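Enquirer: My structure file my_file-v4.txt, compact mmCIF, C-alpha atoms, is below:
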# COMPACT_ATOMS: atom_id res chain seq x y z
CA MET A 63 0.00 0.00 0.00
CA ARG A 64 2.80 2.41 0.86
CA ARG A 65 4.40 1.83 -2.56
CA GLU A 66 1.11 2.46 -4.36
CA THR A 67 0.57 5.64 -2.35
CA LEU A 68 4.07 6.85 -3.18
CA VAL A 69 3.48 6.19 -6.88
CA LYS A 70 0.21 8.15 -6.77
CA ILE A 71 1.93 11.08 -5.02
CA ILE A 72 4.73 11.13 -7.61
CA LEU A 73 2.23 10.99 -10.48
CA LEU A 74 0.19 13.77 -8.88
CA ILE A 75 3.28 15.97 -8.62
CA LEU A 76 4.35 15.25 -12.20
CA PHE A 77 0.90 15.96 -13.64
CA SER A 78 0.61 19.10 -11.53
CA ILE A 79 3.89 20.37 -12.97
CA LEU A 80 2.74 19.45 -16.48
CA CYS A 81 -0.58 21.23 -15.94
CA PHE A 82 1.26 24.33 -14.69
CA LEU A 83 3.56 24.37 -17.73
CA ILE A 84 0.54 24.14 -20.04
CA LEU A 85 -1.55 26.78 -18.29
CA VAL A 86 1.18 29.43 -17.89
CA PRO A 87 1.40 30.29 -21.63
CA PHE A 88 -2.40 30.35 -21.85
CA TYR A 89 -2.53 32.70 -18.86
CA ALA A 90 0.13 34.95 -20.43
CA VAL A 91 -1.83 35.21 -23.71
CA THR A 92 -5.08 35.86 -21.83
CA ILE A 93 -3.55 38.69 -19.81
CA ALA A 94 -1.81 40.16 -22.86
CA SER A 95 -5.09 40.27 -24.80
CA PHE A 96 -6.31 42.96 -22.39
CA LYS A 97 -3.16 45.08 -22.73
CA PRO A 98 -2.30 47.54 -25.51
CA GLY A 99 0.12 46.49 -28.22
CA GLU A 100 2.69 49.01 -27.02
CA ASP A 101 2.94 47.14 -23.71
CA LEU A 102 3.72 43.92 -25.56
CA ILE A 103 6.40 45.64 -27.62
CA ARG A 104 7.96 47.23 -24.52
CA TYR A 105 7.86 44.31 -22.06
CA GLY A 106 7.15 41.27 -24.20
CA LEU A 107 4.76 38.50 -23.25
CA ASN A 108 4.76 38.42 -19.44
CA LEU A 109 2.69 37.28 -16.47
CA LYS A 110 2.25 40.71 -14.87
CA PHE A 111 -1.37 41.47 -13.94
CA ASP A 112 -1.62 45.27 -14.14
CA LEU A 113 -5.16 46.68 -14.06
CA SER A 114 -3.91 50.17 -14.81
CA VAL A 115 -3.13 49.24 -18.44
CA MET A 116 -5.76 46.55 -19.00
CA SER A 117 -8.95 47.28 -20.95
CA LEU A 118 -11.39 45.82 -23.49
CA ASP A 119 -10.10 48.02 -26.32
CA ASN A 120 -8.48 45.09 -28.14
CA PHE A 121 -11.73 43.10 -28.09
CA ALA A 122 -13.67 46.15 -29.30
CA TYR A 123 -11.19 46.51 -32.16
CA LEU A 124 -11.49 42.77 -32.94
CA PHE A 125 -15.26 42.97 -33.44
CA THR A 126 -15.61 46.49 -34.87
CA GLY A 127 -12.27 47.33 -36.50
CA ASP A 128 -11.47 47.44 -40.21
CA HIS A 129 -9.62 44.17 -40.76
CA SER A 130 -10.04 40.69 -42.28
CA TYR A 131 -9.78 38.65 -39.08
CA PHE A 132 -13.21 37.04 -39.24
CA ILE A 133 -12.77 36.22 -42.93
CA TRP A 134 -9.67 34.25 -41.97
CA PHE A 135 -11.48 32.79 -38.97
CA PHE A 136 -14.39 31.42 -40.99
CA ASN A 137 -12.05 30.19 -43.72
CA SER A 138 -10.22 28.12 -41.10
CA LEU A 139 -13.49 26.97 -39.56
CA LEU A 140 -14.85 25.80 -42.92
CA LEU A 141 -11.63 24.03 -43.85
CA THR A 142 -11.39 22.34 -40.46
CA VAL A 143 -14.96 21.02 -40.57
CA VAL A 144 -14.62 19.74 -44.14
CA GLN A 145 -11.16 18.26 -43.67
CA VAL A 146 -11.94 16.53 -40.37
CA THR A 147 -15.22 15.10 -41.69
CA LEU A 148 -13.64 13.71 -44.86
CA THR A 149 -10.57 12.44 -43.02
CA LEU A 150 -12.63 10.54 -40.45
CA LEU A 151 -14.93 8.97 -43.05
CA VAL A 152 -12.20 7.98 -45.53
CA SER A 153 -9.72 6.80 -42.88
CA ALA A 154 -12.38 4.81 -41.00
CA THR A 155 -13.43 3.05 -44.22
CA VAL A 156 -9.83 2.15 -45.08
CA ALA A 157 -9.18 0.96 -41.51
CA TYR A 158 -12.33 -1.18 -41.57
CA GLY A 159 -11.03 -2.87 -44.71
CA PHE A 160 -7.75 -3.68 -42.97
CA ALA A 161 -9.45 -4.93 -39.80
CA ALA A 162 -12.43 -6.89 -41.15
CA TYR A 163 -11.25 -8.46 -44.42
CA ASP A 164 -8.45 -10.72 -45.59
CA PHE A 165 -7.13 -10.00 -49.08
CA ILE A 166 -3.97 -10.37 -51.11
CA GLY A 167 -1.37 -7.77 -50.21
CA LYS A 168 -3.13 -6.72 -47.00
CA ASN A 169 -0.01 -6.87 -44.83
CA PHE A 170 2.12 -5.15 -47.46
CA LEU A 171 -0.34 -2.28 -47.79
CA PHE A 172 -0.55 -1.88 -44.02
CA ILE A 173 3.25 -1.76 -43.83
CA CYS A 174 3.10 1.04 -46.41
CA VAL A 175 0.73 2.92 -44.10
CA LEU A 176 3.22 2.51 -41.25
CA LEU A 177 6.09 3.70 -43.46
CA ILE A 178 4.13 6.80 -44.46
CA MET A 179 3.75 7.63 -40.77
CA MET A 180 7.54 7.68 -40.47
CA VAL A 181 8.07 10.17 -43.30
CA PRO A 182 8.17 13.84 -42.18
CA PHE A 183 5.75 16.05 -44.08
CA GLU A 184 8.59 18.42 -45.01
CA ILE A 185 10.10 15.71 -47.22
CA LEU A 186 6.84 15.49 -49.18
CA LEU A 187 6.48 19.24 -49.66
CA LEU A 188 8.29 19.57 -52.99
CA PRO A 189 6.66 16.62 -54.83
CA LEU A 190 3.27 17.51 -53.34
CA TYR A 191 3.65 21.13 -54.43
CA SER A 192 4.64 20.01 -57.95
CA LEU A 193 1.63 17.68 -58.15
CA THR A 194 -0.73 20.38 -56.91
CA TYR A 195 0.62 22.83 -59.49
CA ASN A 196 0.31 20.34 -62.36
CA LEU A 197 -3.28 19.53 -61.39
CA GLY A 198 -4.19 23.21 -61.43
CA LEU A 199 -5.20 23.26 -57.76
CA MET A 200 -3.05 26.17 -56.64
CA ASN A 201 -4.86 28.82 -54.60
CA THR A 202 -7.81 26.49 -53.94
CA TYR A 203 -9.07 24.85 -50.77
CA SER A 204 -9.00 21.47 -52.54
CA ALA A 205 -5.21 21.68 -52.48
CA ILE A 206 -5.35 21.87 -48.69
CA VAL A 207 -8.04 19.26 -48.06
CA LEU A 208 -7.23 16.46 -50.52
CA PRO A 209 -3.65 15.53 -49.44
CA GLY A 210 -4.75 14.78 -45.88
CA ILE A 211 -8.09 12.99 -46.15
CA ALA A 212 -6.44 9.54 -46.03
CA SER A 213 -4.34 10.17 -42.93
CA ALA A 214 -1.91 7.35 -42.18
CA ALA A 215 -1.96 8.01 -38.42
CA THR A 216 -5.76 8.09 -38.34
CA ILE A 217 -6.00 4.88 -40.39
CA PHE A 218 -3.59 3.18 -38.00
CA PHE A 219 -5.54 4.34 -34.95
CA PHE A 220 -8.91 3.22 -36.37
CA ARG A 221 -7.47 -0.12 -37.42
CA GLN A 222 -6.14 -0.78 -33.92
CA TYR A 223 -9.49 0.25 -32.45
CA LEU A 224 -11.45 -2.03 -34.80
CA ARG A 225 -9.26 -4.99 -33.86
CA GLY A 226 -10.97 -4.80 -30.47
CA VAL A 227 -14.43 -5.14 -32.04
CA PRO A 228 -15.57 -8.80 -32.01
CA LYS A 229 -15.76 -10.24 -35.52
CA GLU A 230 -18.83 -12.13 -34.34
CA MET A 231 -20.70 -8.83 -34.69
CA ILE A 232 -19.91 -8.73 -38.40
CA ALA A 233 -20.79 -12.42 -38.80
CA ALA A 234 -24.11 -11.87 -37.01
CA GLY A 235 -24.91 -9.02 -39.40
CA ARG A 236 -24.26 -11.26 -42.39
CA VAL A 237 -26.45 -14.01 -40.92
CA ASP A 238 -29.26 -11.46 -40.55
CA GLY A 239 -28.96 -10.66 -44.24
CA ALA A 240 -27.33 -7.24 -43.94
CA SER A 241 -25.15 -6.11 -46.82
CA GLU A 242 -21.48 -5.29 -46.27
CA TYR A 243 -22.37 -1.62 -46.57
CA GLY A 244 -25.20 -2.04 -44.07
CA ILE A 245 -22.93 -3.81 -41.58
CA TYR A 246 -20.42 -0.99 -41.79
CA VAL A 247 -22.95 1.82 -41.47
CA ARG A 248 -25.39 0.28 -38.95
CA LEU A 249 -23.11 -1.86 -36.79
CA ILE A 250 -19.51 -0.65 -37.05
CA LEU A 251 -19.81 3.16 -37.24
CA PRO A 252 -21.96 3.43 -34.05
CA VAL A 253 -19.38 1.35 -32.17
CA MET A 254 -16.61 3.68 -33.38
CA LYS A 255 -18.04 6.84 -31.75
CA PRO A 256 -15.32 7.07 -29.06
CA SER A 257 -12.55 6.67 -31.65
CA PHE A 258 -14.20 9.24 -33.90
CA ALA A 259 -14.29 11.69 -30.99
CA ALA A 260 -10.60 11.19 -30.21
CA MET A 261 -9.54 11.57 -33.84
CA ALA A 262 -11.87 14.54 -34.36
CA ILE A 263 -10.04 16.40 -31.62
CA LEU A 264 -6.55 15.52 -32.84
CA ASN A 265 -7.26 16.10 -36.54
CA GLY A 266 -9.24 19.23 -35.72
CA MET A 267 -6.27 20.70 -33.85
CA ASN A 268 -3.90 19.82 -36.70
CA SER A 269 -6.18 21.32 -39.35
CA TRP A 270 -6.96 24.46 -37.34
CA ASN A 271 -3.28 25.17 -36.61
CA ASN A 272 -1.96 24.13 -40.03
CA PHE A 273 0.28 26.87 -41.41
CA LEU A 274 3.04 25.64 -43.72
CA TRP A 275 1.06 23.87 -46.45
CA PRO A 276 -1.77 26.44 -46.76
CA PHE A 277 0.87 29.18 -46.78
CA MET A 278 2.53 27.53 -49.79
CA VAL A 279 -0.57 26.99 -51.92
CA LEU A 280 -2.75 30.03 -51.10
CA SER A 281 -2.02 33.42 -52.66
CA ASP A 282 -5.37 35.23 -52.35
CA ASP A 283 -5.57 37.06 -49.03
CA ARG A 284 -9.36 36.55 -49.00
CA LYS A 285 -8.72 32.80 -48.84
CA TYR A 286 -6.10 32.92 -46.09
CA THR A 287 -6.59 30.73 -43.05
CA LEU A 288 -6.27 32.15 -39.57
CA PRO A 289 -2.60 31.19 -38.93
CA ILE A 290 -1.57 32.81 -42.24
CA GLY A 291 -3.70 35.87 -41.60
CA LEU A 292 -2.19 36.40 -38.16
CA LYS A 293 1.27 36.09 -39.67
CA THR A 294 0.49 38.92 -42.11
CA LEU A 295 -0.01 41.25 -39.14
CA LEU A 296 3.77 41.24 -38.64
CA THR A 297 5.41 43.16 -41.49
CA PRO A 298 8.59 45.20 -42.03
CA TYR A 299 6.39 48.29 -42.25
CA GLY A 300 4.57 47.86 -38.95
CA ASN A 301 3.16 45.29 -36.57
CA ASN A 302 -0.46 45.15 -35.48
CA TYR A 303 0.09 43.62 -32.04
CA ASP A 304 -3.34 44.76 -30.81
CA LEU A 305 -5.12 42.48 -33.27
CA LEU A 306 -2.44 39.79 -33.20
CA ILE A 307 -2.63 39.03 -29.49
CA VAL A 308 -6.41 39.24 -29.08
CA GLY A 309 -6.84 37.30 -32.33
CA SER A 310 -4.52 34.58 -31.05
CA PHE A 311 -6.51 34.38 -27.83
CA PHE A 312 -9.83 34.22 -29.70
CA SER A 313 -8.49 31.46 -31.99
CA ILE A 314 -8.22 29.10 -29.00
CA ILE A 315 -12.00 29.10 -28.48
CA PRO A 316 -12.98 26.68 -31.34
CA ILE A 317 -10.47 24.06 -30.20
CA PHE A 318 -11.65 24.47 -26.60
CA ILE A 319 -15.27 23.97 -27.69
CA LEU A 320 -14.29 20.94 -29.77
CA PHE A 321 -12.55 19.33 -26.81
CA MET A 322 -15.40 20.07 -24.42
CA ALA A 323 -17.92 18.62 -26.87
CA PHE A 324 -16.07 15.32 -27.26
CA GLN A 325 -14.17 14.98 -23.98
CA LYS A 326 -16.66 12.43 -22.68
CA TYR A 327 -15.57 10.02 -25.41
CA PHE A 328 -11.95 11.08 -25.67
CA ILE A 329 -10.41 8.81 -23.00
CA ASP A 330 -12.50 5.84 -24.11
CA GLY A 331 -11.44 6.41 -27.69
CA MET A 332 -7.75 6.66 -26.82
CA THR A 333 -7.70 3.52 -24.69
CA ALA A 334 -10.35 1.16 -26.05
CA GLY A 335 -8.23 -0.05 -28.95
CA ALA A 336 -5.32 -0.90 -26.66
CA VAL A 337 -6.93 -4.09 -25.38
CA LYS A 338 -8.47 -6.57 -27.76
CA GLY A 339 -11.84 -7.71 -26.46
Could you write out this structure as structure tokens?
Expert:
Amino acid sequence: MRRETLVKIILLILFSILCFLILVPFYAVTIASFKPGEDLIRYGLNLKFDLSVMSLDNFAYLFTGDHSYFIWFFNSLLLTVVQVTLTLLVSATVAYGFAAYDFIGKNFLFICVLLIMMVPFEILLLPLYSLTYNLGLMNTYSAIVLPGIASAATIFFFRQYLRGVPKEMIAAGRVDGASEYGIYVRLILPVMKPSFAAMAILNGMNSWNNFLWPFMVLSDDRKYTLPIGLKTLLTPYGNNYDLLIVGSFFSIIPIFILFMAFQKYFIDGMTAGAVKG
């Protein structure tokens, strides 16, 4: 008992430290969003809580000022919703094929999925850019969405999760006369809700924060996503720190809402595939 108690105390301390390290930057951004841009230029991002310089002016400027912030915001929101939806549906279908069926080349193809996971995206940038240019997809949202809808990491996760689903469920569906499509839609997809929630959060964060690839393929400032738009606020001719800091703070809200909406399934989704049942 004493050893178990000691382990719990150590884990509590470690997670408390981790929580502190995560919350400090969020606190700094929150405090800075109420301060004028000049304060950020003068003192940098800091933890000082000074009511004498804090106001709602930045938030008033965010909602009433002459800028393109909400165009970028809704561009990112649209892309995130579309990309996450397509990624989950396509990756879940591919993973179901790996988990439920036996076919020639199955193991080889799954090894290819694992190998793709090991390749950094930066290595694929040049050939992917060349392909996008040759297909005439430059400066379109299709160029951003299409390369990621069959995510190797998401396929791997779904496949591991589906290995924990009893194959007797599929066999029972066939005995009842359900088609393969019907088994997948009516029996398998409902069981995958926890895994969908976990991958929705992870893929949603990746899509929302994606900067490098959209920056390379988009040239129209009306199509910019939020990370690119915020980057344009820093120029050699002047920096709009007032909008930058409050815009960065406001950009956290969608991810926070996404996590709160699916948190009930998140832990189940991350752990259920670890044990085959």
Enquirer: Using only C-alpha atoms, pick whichever of A:Phe324, A:Trp275, A:Tyr246, A:Tyr191 has the shortest atom-to-atom distance to Leu151 in chain A.
Expert: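 Looking at the shortest contact to Leu151 in chain A, the residue is A:Tyr246.
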Enquirer: Using all atoms listed in the file, which residues sit within 9 Å of range 107-109 of chain A once same-chain residues fewer than 6 positions away are excluded, as a PyMOL selection string?
Expert: chain A and resi 86-87+89-91+93-94+101
Enquirer: Filtering to C-alpha atoms, could you give me those residues as a PDB file, in the frame of the given file?
Expert:
ATOM      1  CA  VAL A  86       1.180  29.430 -17.890  1.00  0.00           C
ATOM      2  CA  PRO A  87       1.400  30.290 -21.630  1.00  0.00           C
ATOM      3  CA  TYR A  89      -2.530  32.700 -18.860  1.00  0.00           C
ATOM      4  CA  ALA A  90       0.130  34.950 -20.430  1.00  0.00           C
ATOM      5  CA  VAL A  91      -1.830  35.210 -23.710  1.00  0.00           C
ATOM      6  CA  ILE A  93      -3.550  38.690 -19.810  1.00  0.00           C
ATOM      7  CA  ALA A  94      -1.810  40.160 -22.860  1.00  0.00           C
ATOM      8  CA  ASP A 101       2.940  47.140 -23.710  1.00  0.00           C
TER       9      ASP A 101
END
Enquirer: Could you tell me how far CA of Gly235 in chain A sits from CA of Arg248 in chain A, in Å to one decimal place?
Expert: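 Interatomic distance here is 9.3 Å.
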Enquirer: Give me, please, the distance in Å between CA of Leu199 in chain A and CA of Leu288 in chain A, quoted to one decimal.
Expert: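 Separating CA of Leu199 in chain A from CA of Leu288 in chain A is a distance of 20.3 Å.
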Enquirer: Out of A:Ile232, A:Cys174, A:Ala161, A:Val144, which residue has the shortest atom-to-atom distance to Gly210 in chain A when counting only C-alpha atoms?
Expert: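 For Gly210 in chain A, the nearest of the candidates is A:Val144.
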Enquirer: Just the number, please: distance in Å from CA of Phe312 in chain A to CA of Phe132 in chain A, one decimal.
Expert: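 About the pair CA of Phe312 in chain A and CA of Phe132 in chain A: they are 10.5 Å apart.
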Enquirer: Applying 12 Å and all atoms listed in the file, which residues near Pro252 in chain A remain after dropping the ones on its own chain fewer than 6 positions away? List them as a ChimeraX atom specification.
Expert: /A:154,224,227,244-246,258-259
Enquirer: Could the centre and edge lengths of an axis-aligned box, enclosing all atoms of range 186-196 of chain A in the file with 8 Å extra on each side, be given in Å to one decimal as AutoDock Vina command-line options?
Expert:
--center_x 3.8 --center_y 19.2 --center_z -55.8 --size_x 25.0 --size_y 23.3 --size_z 29.2
Enquirer: What lies within 9 Å of Leu280 in chain A using all atoms listed in the file, ignoring chain neighbours under 2 positions off, as a list in words?
Expert: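 Result of the neighbour search: Met200, Asn201, Thr202, Tyr203, Ala205, Ile206, Trp275, Pro276, Phe277, Met278, Asp282, Asp283, Lys285, Tyr286 and Thr287 of chain A.
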Enquirer: I'd like the contact shell of Tyr327 in chain A - 8 Å cut-off, all atoms listed in the file, skipping same-chain residues fewer than 6 positions apart - returned as a ChimeraX atom specification.
Expert: /A:255-257,259-260
Enquirer: Next, write the just-selected residues to a file, as a PDB file, in the frame of the given file, keeping C-alpha atoms as the atom set.
Expert:
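Result written to part_34.pdb:
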ATOM      1  CA  LYS A 255     -18.040   6.840 -31.750  1.00  0.00           C
ATOM      2  CA  PRO A 256     -15.320   7.070 -29.060  1.00  0.00           C
ATOM      3  CA  SER A 257     -12.550   6.670 -31.650  1.00  0.00           C
ATOM      4  CA  ALA A 259     -14.290  11.690 -30.990  1.00  0.00           C
ATOM      5  CA  ALA A 260     -10.600  11.190 -30.210  1.00  0.00           C
TER       6      ALA A 260
END
Enquirer: Looking at A:Pro98, A:Ala262, A:Ile103, A:Glu184, which one is nearest to Met322 in chain A, with distances taken over all atoms listed in the file?
Expert: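 When distances to Met322 in chain A are compared using all atoms listed in the file, the smallest one comes from A:Ala262.
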Enquirer: Find, counting only C-alpha atoms, the residue in A:Ser269, A:Asn137, A:Ser310, A:Asn120 that gets nearest to Phe88 in chain A.
Expert: A:Ser310
Enquirer: So that I can see what lies close to Arg284 in chain A, please list as a VMD selection string the residues with an atom at most 9 Å from it, counting only C-alpha atoms and leaving out residues fewer than 6 positions away in the same chain.
Expert: chain A and resid 130 133 to 134 137
Enquirer: Kindly indicate which residue among A:Thr126, A:Leu85, A:Met116, A:Asp238 lies nearest to Glu100 in chain A, using all atoms listed in the file for the distances.
Expert: A:Met116
Enquirer: Find the residue from A:Ala162, A:Leu264, A:Leu251, A:Ala157 that sits nearest to Phe218 in chain A; use all atoms listed in the file when measuring.
Expert: A:Ala157
Enquirer: Can you take the partial range 209-220 of chain A, add all heavy atoms, and return it as a PDB file, in the coordinates of the input?
Expert:
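Heads up, here's the output in rebuild.pdb:
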ATOM      1  N   PRO A 209      -4.826  16.320 -49.857  1.00  0.00           N
ATOM      2  CA  PRO A 209      -3.650  15.530 -49.440  1.00  0.00           C
ATOM      3  C   PRO A 209      -3.789  14.854 -48.089  1.00  0.00           C
ATOM      4  O   PRO A 209      -3.065  13.891 -47.804  1.00  0.00           O
ATOM      5  CB  PRO A 209      -2.521  16.567 -49.413  1.00  0.00           C
ATOM      6  CG  PRO A 209      -2.968  17.644 -50.332  1.00  0.00           C
ATOM      7  CD  PRO A 209      -4.451  17.721 -50.157  1.00  0.00           C
ATOM      8  N   GLY A 210      -4.703  15.321 -47.237  1.00  0.00           N
ATOM      9  CA  GLY A 210      -4.750  14.780 -45.880  1.00  0.00           C
ATOM     10  C   GLY A 210      -5.953  13.939 -45.545  1.00  0.00           C
ATOM     11  O   GLY A 210      -6.091  13.493 -44.400  1.00  0.00           O
ATOM     12  N   ILE A 211      -6.845  13.675 -46.518  1.00  0.00           N
ATOM     13  CA  ILE A 211      -8.090  12.990 -46.150  1.00  0.00           C
ATOM     14  C   ILE A 211      -7.871  11.495 -45.856  1.00  0.00           C
ATOM     15  O   ILE A 211      -8.693  10.885 -45.170  1.00  0.00           O
ATOM     16  CB  ILE A 211      -9.183  13.156 -47.223  1.00  0.00           C
ATOM     17  CG1 ILE A 211      -8.711  12.625 -48.577  1.00  0.00           C
ATOM     18  CG2 ILE A 211      -9.594  14.603 -47.341  1.00  0.00           C
ATOM     19  CD1 ILE A 211      -9.790  12.673 -49.633  1.00  0.00           C
ATOM     20  N   ALA A 212      -6.783  10.928 -46.385  1.00  0.00           N
ATOM     21  CA  ALA A 212      -6.440   9.540 -46.030  1.00  0.00           C
ATOM     22  C   ALA A 212      -5.211   9.598 -45.118  1.00  0.00           C
ATOM     23  O   ALA A 212      -4.096   9.321 -45.534  1.00  0.00           O
ATOM     24  CB  ALA A 212      -6.173   8.700 -47.275  1.00  0.00           C
ATOM     25  N   SER A 213      -5.428   9.977 -43.875  1.00  0.00           N
ATOM     26  CA  SER A 213      -4.340  10.170 -42.930  1.00  0.00           C
ATOM     27  C   SER A 213      -3.811   8.822 -42.430  1.00  0.00           C
ATOM     28  O   SER A 213      -4.568   8.005 -41.909  1.00  0.00           O
ATOM     29  CB  SER A 213      -4.839  11.007 -41.748  1.00  0.00           C
ATOM     30  OG  SER A 213      -3.921  10.989 -40.680  1.00  0.00           O
ATOM     31  N   ALA A 214      -2.510   8.615 -42.588  1.00  0.00           N
ATOM     32  CA  ALA A 214      -1.910   7.350 -42.180  1.00  0.00           C
ATOM     33  C   ALA A 214      -2.066   7.117 -40.675  1.00  0.00           C
ATOM     34  O   ALA A 214      -2.386   6.011 -40.230  1.00  0.00           O
ATOM     35  CB  ALA A 214      -0.441   7.307 -42.570  1.00  0.00           C
ATOM     36  N   ALA A 215      -1.842   8.144 -39.883  1.00  0.00           N
ATOM     37  CA  ALA A 215      -1.960   8.010 -38.420  1.00  0.00           C
ATOM     38  C   ALA A 215      -3.390   7.702 -38.014  1.00  0.00           C
ATOM     39  O   ALA A 215      -3.630   6.884 -37.115  1.00  0.00           O
ATOM     40  CB  ALA A 215      -1.473   9.290 -37.742  1.00  0.00           C
ATOM     41  N   THR A 216      -4.361   8.334 -38.670  1.00  0.00           N
ATOM     42  CA  THR A 216      -5.760   8.090 -38.340  1.00  0.00           C
ATOM     43  C   THR A 216      -6.182   6.693 -38.769  1.00  0.00           C
ATOM     44  O   THR A 216      -6.926   6.011 -38.058  1.00  0.00           O
ATOM     45  CB  THR A 216      -6.658   9.149 -39.026  1.00  0.00           C
ATOM     46  OG1 THR A 216      -6.177  10.448 -38.697  1.00  0.00           O
ATOM     47  CG2 THR A 216      -8.096   9.024 -38.565  1.00  0.00           C
ATOM     48  N   ILE A 217      -5.714   6.246 -39.928  1.00  0.00           N
ATOM     49  CA  ILE A 217      -6.000   4.880 -40.390  1.00  0.00           C
ATOM     50  C   ILE A 217      -5.445   3.872 -39.393  1.00  0.00           C
ATOM     51  O   ILE A 217      -6.118   2.897 -39.019  1.00  0.00           O
ATOM     52  CB  ILE A 217      -5.399   4.651 -41.787  1.00  0.00           C
ATOM     53  CG1 ILE A 217      -6.154   5.480 -42.828  1.00  0.00           C
ATOM     54  CG2 ILE A 217      -5.446   3.168 -42.158  1.00  0.00           C
ATOM     55  CD1 ILE A 217      -5.505   5.464 -44.208  1.00  0.00           C
ATOM     56  N   PHE A 218      -4.213   4.089 -38.961  1.00  0.00           N
ATOM     57  CA  PHE A 218      -3.590   3.180 -38.000  1.00  0.00           C
ATOM     58  C   PHE A 218      -4.387   3.130 -36.693  1.00  0.00           C
ATOM     59  O   PHE A 218      -4.651   2.054 -36.148  1.00  0.00           O
ATOM     60  CB  PHE A 218      -2.155   3.618 -37.721  1.00  0.00           C
ATOM     61  CG  PHE A 218      -1.473   2.826 -36.650  1.00  0.00           C
ATOM     62  CD1 PHE A 218      -0.997   1.558 -36.899  1.00  0.00           C
ATOM     63  CD2 PHE A 218      -1.312   3.356 -35.373  1.00  0.00           C
ATOM     64  CE1 PHE A 218      -0.371   0.814 -35.893  1.00  0.00           C
ATOM     65  CE2 PHE A 218      -0.690   2.633 -34.370  1.00  0.00           C
ATOM     66  CZ  PHE A 218      -0.220   1.354 -34.640  1.00  0.00           C
ATOM     67  N   PHE A 219      -4.781   4.289 -36.199  1.00  0.00           N
ATOM     68  CA  PHE A 219      -5.540   4.340 -34.950  1.00  0.00           C
ATOM     69  C   PHE A 219      -6.865   3.610 -35.084  1.00  0.00           C
ATOM     70  O   PHE A 219      -7.248   2.794 -34.224  1.00  0.00           O
ATOM     71  CB  PHE A 219      -5.776   5.787 -34.541  1.00  0.00           C
ATOM     72  CG  PHE A 219      -6.558   5.930 -33.264  1.00  0.00           C
ATOM     73  CD1 PHE A 219      -5.927   5.907 -32.035  1.00  0.00           C
ATOM     74  CD2 PHE A 219      -7.938   6.071 -33.284  1.00  0.00           C
ATOM     75  CE1 PHE A 219      -6.645   6.029 -30.847  1.00  0.00           C
ATOM     76  CE2 PHE A 219      -8.667   6.199 -32.121  1.00  0.00           C
ATOM     77  CZ  PHE A 219      -8.026   6.176 -30.895  1.00  0.00           C
ATOM     78  N   PHE A 220      -7.619   3.872 -36.159  1.00  0.00           N
ATOM     79  CA  PHE A 220      -8.910   3.220 -36.370  1.00  0.00           C
ATOM     80  C   PHE A 220      -8.748   1.714 -36.530  1.00  0.00           C
ATOM     81  O   PHE A 220      -9.564   0.933 -36.039  1.00  0.00           O
ATOM     82  CB  PHE A 220      -9.600   3.795 -37.605  1.00  0.00           C
ATOM     83  CG  PHE A 220     -10.271   5.123 -37.369  1.00  0.00           C
ATOM     84  CD1 PHE A 220     -10.369   6.056 -38.389  1.00  0.00           C
ATOM     85  CD2 PHE A 220     -10.813   5.445 -36.141  1.00  0.00           C
ATOM     86  CE1 PHE A 220     -10.987   7.275 -38.185  1.00  0.00           C
ATOM     87  CE2 PHE A 220     -11.428   6.670 -35.910  1.00  0.00           C
ATOM     88  CZ  PHE A 220     -11.513   7.578 -36.942  1.00  0.00           C
TER      89      PHE A 220
END
